[in-house]
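Colleague: What follows is a structure written as structure tokens; I'll ask about it next.
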Amino acid sequence: MSKRALRIGMIGYQFMGKAHSHAFRDLDFFFDLPVTPVLQAIAGRNEEAVRQAAAQYGFASFETDWRRLIERDDIDVIDIVTPNVAHAEMAIAAVQAGKHVICEKPLAMTVDEAVRMREAAAANGVRALVCHNYRYAPAVQYAKRLIEEGRLGRIYHIRAEYLQDWIMDPNFPLVWRLRKEVTGSGALGDIGAHILDLARFLVGEVRDLAATMETFIKERPLGEMSGGLEAKADHSRTGEVDVDDAVAFLAHFENGALGVFEATRFAAGNRNGNRFEINGERGSLRWDLENMNNLQVYLEDDERGMQGFRTINCTEPVHPFADRYWPAGHIIGYEHTFMNLFATFFRSLEDGSPCKPDFEDGVRNQCVLDAVERAAASKQWETVIYR
Ligand code: SOE
């Protein structure tokens, strides 16, 4: 018997559009899901570009008006991969039309927007996912399991960093990710939000924090993204950078743990350095996205003389999601984090099982981002105000 189709309508088509489309296309191959994702339609304002994206990614049709996509009765899930400024309006319209929603991170521009999104989803009885894909790396899921089993005991520290270098060149243009009115914040919301999600997933909720933010290059030529993390500049005109290039913050967690966070797009040589170390009373864990199949584990209980970090290659059938792919030792990559997340979400739509991170997580994440901005401005410790 053929499975029910889960018809996807995507809004936007750049880097994340490609990553999500790829994941949807491969899900049926690797996962035994109760539904079959179908790439039904994609929306974008530029007709030629959206037509091309539809053809490349495999969507059956396209729209040049996202409202039209949301109105269509042959769509079950709306996937929002647009710049941040559009998330709230699109997500609220989608849930009001009875569609489930997947939304890229950070969930919104402000806490107010995020709260309205969460409430609209709840009021319309649909499911809403925020796309923090890294918590779905098998090694990160395994880290979570070890922590929940108490292998580390009480958690004392997390130090997490997300280091990139793709905007270091002063001639790199003022793309949307560098314009406050379109993106909300800079490194903070773009990549800081990811390590915060990992910290919330693995350690718990942040209570209060102290922060500082820096903008190193204050003026840039105008320009737009041209694919991946590449951009085209118009050197005849320049504009002011009004978001952070880098952010650092110290945090207390509600459970007493201490966090040290750094997010920057000015760390030369770090193309996508998303890393954390967690220290507990009985051991430590280390993870690095650029070596994402491995989890480094240190356990205090190991025999003296034999202690040290061991490398667990999280590709054994016992590791979360690993049995979906290849035999042990045959590694997976970045794209599989999206597949694991979407597989969990789509299954949850059918059987009602929980799927995190949802819009509640998006709101909580946004509340911490807000506290970081407040603390950087006030130069004081700020309490996170959860709503
Ligand atoms: C650019 O910094 C970016 O594409 C982020 O927007 C993504 O969320 C991150 O996963 C990779 O880097």
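Scheme for the structure tokens: letters A, B, ... for chains in order shown; per-chain residue numbers from 1; ligand numbers from 1 in order shown.
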Quick one: residues within 6 Å of range 270-285 of chain A, only C-alpha atoms, excluding same-chain residues fewer than 5 positions away - as a PyMOL selection string?
Modeller: chain A and resi 152-165+296-300
Colleague: Looking only at the backbone, which of the residues in range 2-206 of chain A does DSSP tag as alpha helix (DSSP H), as a VMD selection string?
Modeller: chain A and resid 15 to 30 47 to 57 66 to 71 87 to 96 111 to 123 138 to 148 180 to 183 187 193 to 202
Colleague: Taking only C-alpha atoms and all ligand atoms into account, name the residue in A:Ala193, A:Val241, A:Val50, A:Ala251 that is nearest to ligand 1.
Modeller: A:Ala193
Colleague: Identify, on the basis of only C-alpha atoms, every residue whose closest approach to Val115 in chain A does not exceed 9 Å; exclude the query and any residue fewer than 2 positions from it along the same chain; express the result as number ranges by chain.
Modeller: A: 110-113, 117-120, 359-360, 362-363, 387
Colleague: Check which residues of chain A sit at most 9 Å from ligand 1 using only C-alpha atoms and all ligand atoms, and return one row each with the closest pair of atoms and their distance in Å to one decimal, ordered by chain and rising number, as JSON lines.
Modeller:
```
{"residue": "A:Phe15", "atom": "CA", "partner": "ligand 1", "partner_atom_place_in_ligand_line": "4 (O)", "distance": 7.1}
{"residue": "A:Met16", "atom": "CA", "partner": "ligand 1", "partner_atom_place_in_ligand_line": "4 (O)", "distance": 7.4}
{"residue": "A:Glu104", "atom": "CA", "partner": "ligand 1", "partner_atom_place_in_ligand_line": "8 (O)", "distance": 7.9}
{"residue": "A:Lys105", "atom": "CA", "partner": "ligand 1", "partner_atom_place_in_ligand_line": "8 (O)", "distance": 6.7}
{"residue": "A:Pro106", "atom": "CA", "partner": "ligand 1", "partner_atom_place_in_ligand_line": "8 (O)", "distance": 8.3}
{"residue": "A:Cys131", "atom": "CA", "partner": "ligand 1", "partner_atom_place_in_ligand_line": "8 (O)", "distance": 8.6}
{"residue": "A:His132", "atom": "CA", "partner": "ligand 1", "partner_atom_place_in_ligand_line": "8 (O)", "distance": 7.8}
{"residue": "A:Asn133", "atom": "CA", "partner": "ligand 1", "partner_atom_place_in_ligand_line": "10 (O)", "distance": 7.7}
{"residue": "A:Tyr134", "atom": "CA", "partner": "ligand 1", "partner_atom_place_in_ligand_line": "10 (O)", "distance": 7.7}
{"residue": "A:Gln164", "atom": "CA", "partner": "ligand 1", "partner_atom_place_in_ligand_line": "2 (O)", "distance": 7.1}
{"residue": "A:Asp165", "atom": "CA", "partner": "ligand 1", "partner_atom_place_in_ligand_line": "2 (O)", "distance": 9.0}
{"residue": "A:Trp166", "atom": "CA", "partner": "ligand 1", "partner_atom_place_in_ligand_line": "2 (O)", "distance": 7.8}
{"residue": "A:Arg177", "atom": "CA", "partner": "ligand 1", "partner_atom_place_in_ligand_line": "6 (O)", "distance": 8.2}
{"residue": "A:Ala187", "atom": "CA", "partner": "ligand 1", "partner_atom_place_in_ligand_line": "2 (O)", "distance": 7.3}
{"residue": "A:Gly189", "atom": "CA", "partner": "ligand 1", "partner_atom_place_in_ligand_line": "6 (O)", "distance": 8.6}
{"residue": "A:Asp190", "atom": "CA", "partner": "ligand 1", "partner_atom_place_in_ligand_line": "6 (O)", "distance": 5.0}
{"residue": "A:Ile191", "atom": "CA", "partner": "ligand 1", "partner_atom_place_in_ligand_line": "5 (C)", "distance": 5.8}
{"residue": "A:Ala193", "atom": "CA", "partner": "ligand 1", "partner_atom_place_in_ligand_line": "8 (O)", "distance": 8.4}
{"residue": "A:His194", "atom": "CA", "partner": "ligand 1", "partner_atom_place_in_ligand_line": "8 (O)", "distance": 7.0}
{"residue": "A:Gly228", "atom": "CA", "partner": "ligand 1", "partner_atom_place_in_ligand_line": "4 (O)", "distance": 7.5}
{"residue": "A:Leu229", "atom": "CA", "partner": "ligand 1", "partner_atom_place_in_ligand_line": "4 (O)", "distance": 6.7}
{"residue": "A:Arg265", "atom": "CA", "partner": "ligand 1", "partner_atom_place_in_ligand_line": "2 (O)", "distance": 7.4}
{"residue": "A:Arg271", "atom": "CA", "partner": "ligand 1", "partner_atom_place_in_ligand_line": "12 (O)", "distance": 8.8}
{"residue": "A:Asn272", "atom": "CA", "partner": "ligand 1", "partner_atom_place_in_ligand_line": "11 (C)", "distance": 6.7}
{"residue": "A:Asn274", "atom": "CA", "partner": "ligand 1", "partner_atom_place_in_ligand_line": "10 (O)", "distance": 8.8}
{"residue": "A:Tyr334", "atom": "CA", "partner": "ligand 1", "partner_atom_place_in_ligand_line": "10 (O)", "distance": 9.0}
```
Colleague: Where does DSSP see strand (DSSP E or B) in range 30-72 of chain A, if you list the residues as a list in words?
Modeller: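 Filtering range 30-72 of chain A down to strand (DSSP E or B) leaves Val35, Thr36, Pro37, Val38, Leu39, Gln40, Ala41, Ile42, Ala43, Ser61, Phe62 and Glu63 of chain A.
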Colleague: Env of Leu6 in chain A: 6 Å cut, atoms = only C-alpha atoms, seq-sep filter 2 positions within chain, self excluded. Answer as an NGL selection string.
Modeller: :A and (36-38)
Colleague: Suppose you want the space between CA of Asn171 in chain A and CA of Gly223 in chain A; what is it in Å?
Modeller: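 Taking CA of Asn171 in chain A as the start and CA of Gly223 in chain A as the end point, the length is 10.0 Å.
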Colleague: Applying 8 Å and only C-alpha atoms, which residues near Ile331 in chain A remain after dropping the ones on its own chain fewer than 4 positions away? List them as an NGL selection string.
Modeller: :A and (293 or 315 or 326)
Colleague: So that I can check the surroundings of Asp65 in chain A, please list as a compact mmCIF listing (two decimals) with N, CA and C atoms, in the first residue's frame every protein, DNA and RNA residue that reaches within 8 Å of it, counting only C-alpha atoms and ignoring chain neighbours fewer than 2 positions away.
Modeller:
```txt
# COMPACT_ATOMS: atom_id res chain seq x y z
N ALA A 43 8.20 28.87 -3.43
CA ALA A 43 7.85 30.27 -3.72
C ALA A 43 9.04 31.18 -3.58
N GLY A 44 9.09 32.17 -4.45
CA GLY A 44 10.13 33.21 -4.40
C GLY A 44 9.70 34.35 -5.29
N ARG A 45 10.23 35.56 -5.01
CA ARG A 45 9.75 36.72 -5.77
C ARG A 45 10.30 36.78 -7.19
N GLU A 63 5.55 29.31 -7.18
CA GLU A 63 4.71 30.50 -7.04
C GLU A 63 5.64 31.70 -6.88
N ARG A 67 2.00 34.18 -0.43
CA ARG A 67 0.63 34.08 0.10
C ARG A 67 -0.19 33.07 -0.72
N ARG A 68 0.08 33.05 -1.98
CA ARG A 68 -0.62 32.11 -2.88
C ARG A 68 -0.24 30.66 -2.49
N LEU A 69 1.04 30.49 -2.15
CA LEU A 69 1.50 29.15 -1.75
C LEU A 69 0.76 28.69 -0.50
```
Colleague: Give me, as a PyMOL selection string, all polymer residues having an atom no more than 10 Å from Ala128 in chain A, counting only C-alpha atoms and skipping those fewer than 5 positions away in the same chain.
Modeller: chain A and resi 77-79+91+95+99-103+117-118+120-122+345+349+355-360+362
Colleague: Output the selection as a PDB file, in the first residue's frame - N, CA and C atoms for each residue.
Modeller:
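What follows is the written file again07.pdb:
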```
ATOM      1  N   VAL A  77       2.628  21.175   4.625  1.00  0.00           N
ATOM      2  CA  VAL A  77       3.677  21.745   5.481  1.00  0.00           C
ATOM      3  C   VAL A  77       4.302  22.933   4.761  1.00  0.00           C
ATOM      4  N   ILE A  78       4.400  24.057   5.452  1.00  0.00           N
ATOM      5  CA  ILE A  78       5.110  25.207   4.881  1.00  0.00           C
ATOM      6  C   ILE A  78       6.502  25.255   5.511  1.00  0.00           C
ATOM      7  N   ASP A  79       7.511  25.346   4.676  1.00  0.00           N
ATOM      8  CA  ASP A  79       8.894  25.405   5.132  1.00  0.00           C
ATOM      9  C   ASP A  79       9.447  26.793   4.807  1.00  0.00           C
ATOM     10  N   ALA A  91       4.979  32.587   8.978  1.00  0.00           N
ATOM     11  CA  ALA A  91       4.623  31.458   9.852  1.00  0.00           C
ATOM     12  C   ALA A  91       3.207  31.640  10.404  1.00  0.00           C
ATOM     13  N   VAL A  95       0.188  28.971   9.741  1.00  0.00           N
ATOM     14  CA  VAL A  95      -0.530  28.195  10.767  1.00  0.00           C
ATOM     15  C   VAL A  95      -2.015  28.557  10.768  1.00  0.00           C
ATOM     16  N   LYS A  99      -1.648  24.942   8.181  1.00  0.00           N
ATOM     17  CA  LYS A  99      -0.461  24.175   7.749  1.00  0.00           C
ATOM     18  C   LYS A  99       0.492  23.979   8.930  1.00  0.00           C
ATOM     19  N   HIS A 100       1.164  22.853   8.956  1.00  0.00           N
ATOM     20  CA  HIS A 100       2.295  22.682   9.857  1.00  0.00           C
ATOM     21  C   HIS A 100       3.443  23.526   9.304  1.00  0.00           C
ATOM     22  N   VAL A 101       4.354  23.935  10.203  1.00  0.00           N
ATOM     23  CA  VAL A 101       5.417  24.847   9.756  1.00  0.00           C
ATOM     24  C   VAL A 101       6.791  24.355  10.191  1.00  0.00           C
ATOM     25  N   ILE A 102       7.739  24.510   9.281  1.00  0.00           N
ATOM     26  CA  ILE A 102       9.159  24.393   9.612  1.00  0.00           C
ATOM     27  C   ILE A 102       9.722  25.787   9.368  1.00  0.00           C
ATOM     28  N   CYS A 103      10.463  26.332  10.349  1.00  0.00           N
ATOM     29  CA  CYS A 103      11.000  27.685  10.164  1.00  0.00           C
ATOM     30  C   CYS A 103      12.494  27.689  10.480  1.00  0.00           C
ATOM     31  N   MET A 117       4.240  33.964  17.191  1.00  0.00           N
ATOM     32  CA  MET A 117       4.324  32.761  16.342  1.00  0.00           C
ATOM     33  C   MET A 117       3.942  31.509  17.127  1.00  0.00           C
ATOM     34  N   ARG A 118       4.505  31.391  18.329  1.00  0.00           N
ATOM     35  CA  ARG A 118       4.198  30.219  19.156  1.00  0.00           C
ATOM     36  C   ARG A 118       2.704  30.164  19.451  1.00  0.00           C
ATOM     37  N   ALA A 120       0.182  31.550  17.827  1.00  0.00           N
ATOM     38  CA  ALA A 120      -0.630  31.290  16.631  1.00  0.00           C
ATOM     39  C   ALA A 120      -0.602  29.791  16.295  1.00  0.00           C
ATOM     40  N   ALA A 121       0.559  29.178  16.428  1.00  0.00           N
ATOM     41  CA  ALA A 121       0.648  27.736  16.136  1.00  0.00           C
ATOM     42  C   ALA A 121      -0.228  26.953  17.107  1.00  0.00           C
ATOM     43  N   ALA A 122      -0.142  27.300  18.386  1.00  0.00           N
ATOM     44  CA  ALA A 122      -0.933  26.585  19.399  1.00  0.00           C
ATOM     45  C   ALA A 122      -2.424  26.795  19.150  1.00  0.00           C
ATOM     46  N   PHE A 345      10.341  15.012  12.835  1.00  0.00           N
ATOM     47  CA  PHE A 345       9.177  15.903  12.752  1.00  0.00           C
ATOM     48  C   PHE A 345       8.033  15.229  11.986  1.00  0.00           C
ATOM     49  N   LEU A 349       4.196  14.188  13.239  1.00  0.00           N
ATOM     50  CA  LEU A 349       2.925  14.671  12.682  1.00  0.00           C
ATOM     51  C   LEU A 349       1.919  13.525  12.574  1.00  0.00           C
ATOM     52  N   CYS A 355       8.290  16.483  19.097  1.00  0.00           N
ATOM     53  CA  CYS A 355       9.434  16.777  18.232  1.00  0.00           C
ATOM     54  C   CYS A 355       9.966  18.140  18.609  1.00  0.00           C
ATOM     55  N   LYS A 356      11.190  18.154  19.065  1.00  0.00           N
ATOM     56  CA  LYS A 356      11.865  19.382  19.459  1.00  0.00           C
ATOM     57  C   LYS A 356      13.012  19.605  18.488  1.00  0.00           C
ATOM     58  N   PRO A 357      13.460  20.842  18.300  1.00  0.00           N
ATOM     59  CA  PRO A 357      13.009  22.067  18.921  1.00  0.00           C
ATOM     60  C   PRO A 357      11.772  22.642  18.221  1.00  0.00           C
ATOM     61  N   ASP A 358      10.766  22.985  19.019  1.00  0.00           N
ATOM     62  CA  ASP A 358       9.545  23.562  18.477  1.00  0.00           C
ATOM     63  C   ASP A 358       9.525  25.074  18.723  1.00  0.00           C
ATOM     64  N   PHE A 359       8.395  25.712  18.456  1.00  0.00           N
ATOM     65  CA  PHE A 359       8.351  27.172  18.596  1.00  0.00           C
ATOM     66  C   PHE A 359       8.539  27.603  20.053  1.00  0.00           C
ATOM     67  N   GLU A 360       8.205  26.732  20.989  1.00  0.00           N
ATOM     68  CA  GLU A 360       8.485  27.054  22.394  1.00  0.00           C
ATOM     69  C   GLU A 360      10.010  27.181  22.582  1.00  0.00           C
ATOM     70  N   GLY A 362      12.051  27.932  20.211  1.00  0.00           N
ATOM     71  CA  GLY A 362      12.419  29.141  19.467  1.00  0.00           C
ATOM     72  C   GLY A 362      12.222  30.385  20.309  1.00  0.00           C
TER      73      GLY A 362
END
```
Colleague: For Glu205 in chain A, which of A:Phe261, A:Tyr13, A:Tyr386, A:Phe309 is the closest residue, counting only C-alpha atoms?
Modeller: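 Closest to Glu205 in chain A of all the choices is A:Tyr386.
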Colleague: Find, counting only C-alpha atoms, the residue in A:Phe253, A:Phe172, A:Trp287, A:Tyr57 that gets nearest to Ala23 in chain A.
Modeller: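 Selected residue with least distance to Ala23 in chain A: A:Tyr57.
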Colleague: For the atom pair CA of Arg145 in chain A and CA of Gln307 in chain A, what is the interatomic distance in Å to one decimal place?
Modeller: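 Distance reported for this atom pair: 21.4 Å.
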Colleague: Using only C-alpha atoms, pick whichever of A:Gly184, A:Val243, A:Ala114, A:Arg310 has the shortest atom-to-atom distance to Asn365 in chain A.
Modeller: A:Ala114
Colleague: A:Arg207, A:Arg179, A:Arg127, A:His20: which is nearest Glu240 in chain A, counting only C-alpha atoms?
Modeller: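 The shortest atom-to-atom distance to Glu240 in chain A comes from A:Arg179.
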Colleague: For Ala137 in chain A, which residue out of A:Trp381, A:Phe321, A:Phe216, A:Phe24 is the nearest one, using only C-alpha atoms?
Modeller: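 For Ala137 in chain A, the nearest of the candidates is A:Phe321.
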